[in-house]
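Structure data (PDB, C-alpha atoms) from protein-v2.pdb:
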ATOM      1  CA  LEU A   1     178.197 115.388 113.357
ATOM      2  CA  ASN A   2     179.685 115.054 116.804
ATOM      3  CA  GLY A   3     181.860 117.817 118.149
ATOM      4  CA  GLY A   4     180.311 120.568 116.037
ATOM      5  CA  ILE A   5     180.002 124.133 117.264
ATOM      6  CA  ILE A   6     176.807 125.083 115.432
ATOM      7  CA  ASN A   7     173.766 122.969 114.573
ATOM      8  CA  LEU A   8     173.197 124.190 111.016
ATOM      9  CA  PRO A   9     169.998 122.188 110.336
ATOM     10  CA  ALA A  10     168.439 123.698 113.475
ATOM     11  CA  ILE A  11     169.381 127.210 112.369
ATOM     12  CA  PHE A  12     168.036 126.502 108.878
ATOM     13  CA  ILE A  13     164.629 125.293 110.115
ATOM     14  CA  VAL A  14     164.270 128.201 112.567
ATOM     15  CA  VAL A  15     165.143 130.740 109.851
ATOM     16  CA  LEU A  16     162.821 129.049 107.344
ATOM     17  CA  LEU A  17     159.884 128.982 109.776
ATOM     18  CA  SER A  18     160.619 132.539 110.907
ATOM     19  CA  LEU A  19     160.424 133.687 107.289
ATOM     20  CA  LEU A  20     157.080 131.909 107.013
ATOM     21  CA  LEU A  21     155.849 133.713 110.141
ATOM     22  CA  ILE A  22     157.030 137.048 108.743
ATOM     23  CA  ARG A  23     154.848 136.478 105.664
ATOM     24  CA  GLY A  24     151.761 136.544 107.866
ATOM     25  CA  THR A  25     149.463 134.751 110.228
ATOM     26  CA  GLN A  26     147.263 133.332 107.468
ATOM     27  CA  GLU A  27     150.184 131.693 105.645
ATOM     28  CA  SER A  28     151.708 130.262 108.822
ATOM     29  CA  ALA A  29     148.283 129.042 110.015
ATOM     30  CA  SER A  30     147.741 127.288 106.676
ATOM     31  CA  MET A  31     151.142 125.604 106.912
ATOM     32  CA  ASN A  32     150.486 124.595 110.520
ATOM     33  CA  ASN A  33     147.086 123.167 109.562
ATOM     34  CA  PHE A  34     148.719 121.114 106.810
ATOM     35  CA  LEU A  35     151.392 119.778 109.180
ATOM     36  CA  VAL A  36     148.847 118.906 111.874
ATOM     37  CA  VAL A  37     146.533 117.120 109.428
ATOM     38  CA  LEU A  38     149.520 115.175 108.064
ATOM     39  CA  LYS A  39     150.720 113.956 111.451
ATOM     40  CA  VAL A  40     147.230 113.164 112.785
ATOM     41  CA  LEU A  41     146.421 111.256 109.593
ATOM     42  CA  VAL A  42     149.552 109.111 109.944
ATOM     43  CA  VAL A  43     148.762 108.423 113.610
ATOM     44  CA  ILE A  44     145.213 107.353 112.725
ATOM     45  CA  ILE A  45     146.487 105.154 109.878
ATOM     46  CA  PHE A  46     148.938 103.473 112.280
ATOM     47  CA  ILE A  47     146.166 102.892 114.824
ATOM     48  CA  VAL A  48     143.762 101.439 112.235
ATOM     49  CA  ILE A  49     146.312  99.203 110.484
ATOM     50  CA  GLY A  50     148.165  98.264 113.668
ATOM     51  CA  TRP A  51     144.927  97.211 115.369
ATOM     52  CA  HIS A  52     144.857  94.135 113.101
ATOM     53  CA  PHE A  53     148.343  93.123 114.254
ATOM     54  CA  ILE A  54     147.648  93.245 117.994
ATOM     55  CA  ASP A  55     148.589  90.087 119.868
ATOM     56  CA  PRO A  56     146.445  89.889 123.040
ATOM     57  CA  ALA A  57     149.256  87.957 124.758
ATOM     58  CA  ASN A  58     151.289  91.190 124.770
ATOM     59  CA  TYR A  59     148.839  92.655 127.290
ATOM     60  CA  ILE A  60     149.461  89.938 129.886
ATOM     61  CA  PRO A  61     150.190  91.278 132.426
ATOM     62  CA  TYR A  62     148.621  94.617 131.569
ATOM     63  CA  ILE A  63     150.522  96.298 134.405
ATOM     64  CA  PRO A  64     153.820  94.429 134.862
ATOM     65  CA  GLU A  65     154.980  93.818 138.421
ATOM     66  CA  ASN A  66     157.382  96.352 139.872
ATOM     67  CA  THR A  67     161.004  95.190 139.661
ATOM     68  CA  GLY A  68     161.722  96.495 143.159
ATOM     69  CA  VAL A  69     163.171  99.700 141.760
ATOM     70  CA  LYS A  70     161.019 102.795 142.060
ATOM     71  CA  GLY A  71     159.670 103.818 138.658
ATOM     72  CA  GLN A  72     160.279 100.478 136.959
ATOM     73  CA  PHE A  73     156.860  99.040 136.160
ATOM     74  CA  GLY A  74     154.007  98.666 138.617
ATOM     75  CA  TRP A  75     152.143 101.718 139.908
ATOM     76  CA  SER A  76     155.349 103.696 140.462
ATOM     77  CA  GLY A  77     156.209 103.046 136.815
ATOM     78  CA  ILE A  78     152.804 104.347 135.775
ATOM     79  CA  ALA A  79     153.411 107.496 137.844
ATOM     80  CA  ALA A  80     156.879 107.940 136.309
ATOM     81  CA  GLY A  81     155.441 107.425 132.818
ATOM     82  CA  ALA A  82     152.667 109.944 133.499
ATOM     83  CA  GLY A  83     155.288 112.478 134.556
ATOM     84  CA  THR A  84     157.159 111.937 131.305
ATOM     85  CA  VAL A  85     153.992 112.065 129.188
ATOM     86  CA  PHE A  86     153.075 115.344 130.892
ATOM     87  CA  PHE A  87     155.802 117.058 128.850
ATOM     88  CA  ALA A  88     154.075 115.961 125.635
ATOM     89  CA  PHE A  89     151.281 118.376 126.564
ATOM     90  CA  ILE A  90     153.513 121.418 126.928
ATOM     91  CA  GLY A  91     152.751 123.966 124.261
ATOM     92  CA  PHE A  92     148.987 123.727 124.011
ATOM     93  CA  ASP A  93     148.816 127.007 125.915
ATOM     94  CA  ALA A  94     151.056 128.709 123.332
ATOM     95  CA  VAL A  95     148.011 129.007 121.091
ATOM     96  CA  SER A  96     146.564 131.543 123.528
ATOM     97  CA  THR A  97     149.267 134.052 122.547
ATOM     98  CA  ALA A  98     147.553 134.331 119.155
ATOM     99  CA  ALA A  99     144.219 135.346 120.685
ATOM    100  CA  GLN A 100     144.365 138.760 118.996
ATOM    101  CA  GLU A 101     144.068 137.060 115.590
ATOM    102  CA  ALA A 102     140.999 135.055 116.638
ATOM    103  CA  LYS A 103     137.542 136.227 115.593
ATOM    104  CA  ASN A 104     135.948 135.320 118.938
ATOM    105  CA  PRO A 105     138.759 134.482 121.401
ATOM    106  CA  GLN A 106     136.500 134.161 124.462
ATOM    107  CA  LYS A 107     134.683 131.274 122.813
ATOM    108  CA  GLY A 108     137.259 129.923 120.360
ATOM    109  CA  MET A 109     140.367 129.737 122.564
ATOM    110  CA  PRO A 110     138.927 127.483 125.310
ATOM    111  CA  ILE A 111     137.275 125.240 122.731
ATOM    112  CA  GLY A 112     140.487 125.037 120.687
ATOM    113  CA  ILE A 113     142.802 124.364 123.614
ATOM    114  CA  LEU A 114     140.560 121.913 125.483
ATOM    115  CA  GLY A 115     139.388 120.222 122.278
ATOM    116  CA  SER A 116     142.939 119.649 121.086
ATOM    117  CA  LEU A 117     143.902 118.301 124.520
ATOM    118  CA  VAL A 118     141.029 115.797 124.424
ATOM    119  CA  VAL A 119     141.780 114.674 120.856
ATOM    120  CA  CYS A 120     145.510 114.344 121.538
ATOM    121  CA  THR A 121     144.923 112.416 124.762
ATOM    122  CA  ILE A 122     142.662 109.943 122.972
ATOM    123  CA  LEU A 123     145.178 109.548 120.130
ATOM    124  CA  TYR A 124     148.094 109.088 122.600
ATOM    125  CA  ILE A 125     146.189 106.372 124.470
ATOM    126  CA  LEU A 126     145.112 104.532 121.309
ATOM    127  CA  PHE A 127     148.593 104.806 119.787
ATOM    128  CA  GLY A 128     150.223 103.425 122.945
ATOM    129  CA  HIS A 129     147.630 100.656 123.188
ATOM    130  CA  VAL A 130     148.228  99.548 119.607
ATOM    131  CA  LEU A 131     152.015  99.854 119.841
ATOM    132  CA  THR A 132     152.249  97.728 122.994
ATOM    133  CA  GLY A 133     149.755  95.280 121.503
ATOM    134  CA  VAL A 134     151.825  94.815 118.369
ATOM    135  CA  VAL A 135     155.154  94.537 120.210
ATOM    136  CA  ASN A 136     155.692  93.235 123.728
ATOM    137  CA  TYR A 137     156.956  96.028 125.982
ATOM    138  CA  THR A 138     160.096  94.023 126.862
ATOM    139  CA  GLU A 139     161.361  94.323 123.278
ATOM    140  CA  PHE A 140     161.557  98.103 123.425
ATOM    141  CA  LYS A 141     164.581  97.918 125.726
ATOM    142  CA  THR A 142     166.599  96.291 122.957
ATOM    143  CA  ALA A 143     164.977  98.100 120.012
ATOM    144  CA  GLY A 144     165.797 101.579 121.320
ATOM    145  CA  LYS A 145     163.263 104.163 122.396
ATOM    146  CA  GLU A 146     163.604 106.331 119.283
ATOM    147  CA  ALA A 147     163.023 103.444 116.898
ATOM    148  CA  SER A 148     160.141 101.760 118.722
ATOM    149  CA  VAL A 149     157.415 102.569 116.175
ATOM    150  CA  ALA A 150     159.670 101.871 113.193
ATOM    151  CA  TYR A 151     160.806  98.642 114.898
ATOM    152  CA  ALA A 152     157.197  97.548 115.429
ATOM    153  CA  ILE A 153     156.271  98.244 111.818
ATOM    154  CA  GLN A 154     159.351  96.618 110.267
ATOM    155  CA  THR A 155     159.308  93.565 112.526
ATOM    156  CA  TYR A 156     155.621  92.797 113.047
ATOM    157  CA  MET A 157     153.656  94.595 110.345
ATOM    158  CA  LYS A 158     154.981  92.960 107.194
ATOM    159  CA  GLY A 159     153.691  94.533 104.014
ATOM    160  CA  TYR A 160     153.314  97.945 105.644
ATOM    161  CA  GLU A 161     156.945  99.074 105.645
ATOM    162  CA  TRP A 162     155.844 102.302 103.890
ATOM    163  CA  LEU A 163     154.093 103.186 107.127
ATOM    164  CA  GLY A 164     157.474 103.368 108.879
ATOM    165  CA  THR A 165     158.576 106.072 106.440
ATOM    166  CA  SER A 166     155.238 107.830 106.924
ATOM    167  CA  VAL A 167     155.725 107.821 110.695
ATOM    168  CA  THR A 168     159.164 109.394 110.240
ATOM    169  CA  VAL A 169     157.652 112.098 108.006
ATOM    170  CA  ALA A 170     154.892 112.666 110.589
ATOM    171  CA  ILE A 171     157.492 113.034 113.352
ATOM    172  CA  LEU A 172     159.336 115.663 111.307
ATOM    173  CA  ALA A 173     156.019 117.399 110.578
ATOM    174  CA  GLY A 174     155.236 117.336 114.288
ATOM    175  CA  PHE A 175     158.573 118.883 115.208
ATOM    176  CA  SER A 176     158.126 121.552 112.531
ATOM    177  CA  SER A 177     154.605 122.310 113.719
ATOM    178  CA  VAL A 178     155.747 122.686 117.332
ATOM    179  CA  ILE A 179     158.631 124.958 116.317
ATOM    180  CA  LEU A 180     156.268 127.065 114.209
ATOM    181  CA  VAL A 181     153.728 127.515 117.012
ATOM    182  CA  MET A 182     156.419 128.226 119.616
ATOM    183  CA  LEU A 183     158.094 130.815 117.371
ATOM    184  CA  MET A 184     154.741 132.475 116.749
ATOM    185  CA  GLY A 185     153.964 132.567 120.467
ATOM    186  CA  GLN A 186     157.441 133.794 121.354
ATOM    187  CA  SER A 187     157.192 136.758 118.992
ATOM    188  CA  ARG A 188     153.972 137.836 120.738
ATOM    189  CA  ILE A 189     155.620 137.446 124.148
ATOM    190  CA  PHE A 190     158.614 139.564 123.054
ATOM    191  CA  PHE A 191     156.244 142.197 121.639
ATOM    192  CA  THR A 192     154.281 142.357 124.900
TER     193      THR A 192
END

The structure in this file should be written as structure tokens.
Amino acid sequence: LNGGIINLPAIFIVVLLSLLLIRGTQESASMNNFLVVLKVLVVIIFIVIGWHFIDPANYIPYIPENTGVKGQFGWSGIAAGAGTVFFAFIGFDAVSTAAQEAKNPQKGMPIGILGSLVVCTILYILFGHVLTGVVNYTEFKTAGKEASVAYAIQTYMKGYEWLGTSVTVAILAGFSSVILVMLMGQSRIFFT
């Protein structure tokens, strides 16, 4: 609702996840594991199914010519996109605030943080490759940035409309997982 004073769904999810964190680290870790497996599974399913719908013509040219405006395609567009994608990696360090719960933090924390960065980078690249192979990049301007995956599935992946709903569920799971980890890390920061 536009013009509201309070975002009640946001308050509800923060309170709900805070109550989960109050129950204990084991319960919140189990919930986070479930959410992460759910969203990674949906991403992998999209990559595998979408791979069959790739049109090689969508990759020509692989790096579109710059329009003359800085940040619009070309190498400056790649740099601008990399700057935006950088923010997708914020939060991986929040795991380090839970080092006191780890059995062997000196070994486990670097492996966990760097391993998750490598896996996520590979999944981001494959997801982007499949998405731009299924739909030409020029169509995303008209489809809307938020609906790009759903647009690709509904328009070009006939018979797999259920995957669009699954992607929406995975996005909500991803948001919930990020909120959960950030709330957990923030409580440790406040305590310190």

Would you kindly return, as a PDB file with C-alpha atoms, in the coordinates of the input, each protein, DNA or RNA residue with an atom no farther than 10 Å from any atom of Ala57 of chain A, considering only C-alpha atoms and excluding same-chain residues fewer than 6 positions away?
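File written: result24.pdb
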ATOM      1  CA  GLY A 133     149.755  95.280 121.503  1.00  0.00           C
ATOM      2  CA  VAL A 134     151.825  94.815 118.369  1.00  0.00           C
ATOM      3  CA  VAL A 135     155.154  94.537 120.210  1.00  0.00           C
ATOM      4  CA  ASN A 136     155.692  93.235 123.728  1.00  0.00           C
TER       5      ASN A 136
END

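With all atoms listed in the file as the atoms that count, the minimum distance from Val43 of chain A to the choices A:Tyr160, A:Tyr151, A:Tyr137, A:Phe127 is reached by A:Phe127.
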
> What is the atom CA of Ala10 of chain A to atom CA of Phe86 of chain A distance in Å?
Replying inline: 24.7 Å

> Need the neighbours of (149.0, 102.3, 113.0): which residues are at most 12 Å away, counting all atoms listed in the file, as number ranges by chain?
Replying inline: A: 39-54, 123-124, 126-134, 149-150, 152-153, 156-157, 160-164, 166-167

> Taking (153.3, 121.1, 112.4) in the file's coordinates, which residues come within 8 Å, counting all atoms listed in the file, written as a list of chain:residue names?
Replying inline: A:Met31, A:Asn32, A:Asn33, A:Phe34, A:Leu35, A:Val36, A:Lys39, A:Ala173, A:Gly174, A:Phe175, A:Ser176, A:Ser177, A:Val178, A:Ile179, A:Leu180, A:Val181

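Here atom CA of Ile22 of chain A stands at a distance of 17.6 Å from atom CA of Ala99 of chain A.
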
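Considering the residues A:Gly4, A:Glu101, A:Thr67, A:Pro9 and counting all atoms listed in the file, Gly24 of chain A has its shortest atom-to-atom contact with A:Glu101.
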
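What separates atom CA of Leu38 of chain A from atom CA of Lys103 of chain A is a distance of 25.4 Å.
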
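With all atoms listed in the file as the basis for measurement, A:Met184 is the residue among A:Met184, A:Val69, A:Leu172, A:Ile125 that approaches Thr25 of chain A most closely.
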
> Can you list, as a ChimeraX atom specification, the residues that the PyMOL selection byres ((chain A and resi 92) around 10) selects here?
Replying inline: /A:88-91,93-96,112-114,116-117,178,181-182

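Nearest residue to Ala102 of chain A, choosing from A:Leu183, A:Ala82, A:Ala29, A:Leu16 and counting all atoms listed in the file: A:Ala29.
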
Listed atoms of segment 75-85 of chain A, axis-aligned box, 6 Å per side: centre and edge lengths to one decimal in Å, as AutoDock Vina command-line options?
--center_x 154.7 --center_y 107.1 --center_z 134.8 --size_x 17.0 --size_y 22.8 --size_z 23.3
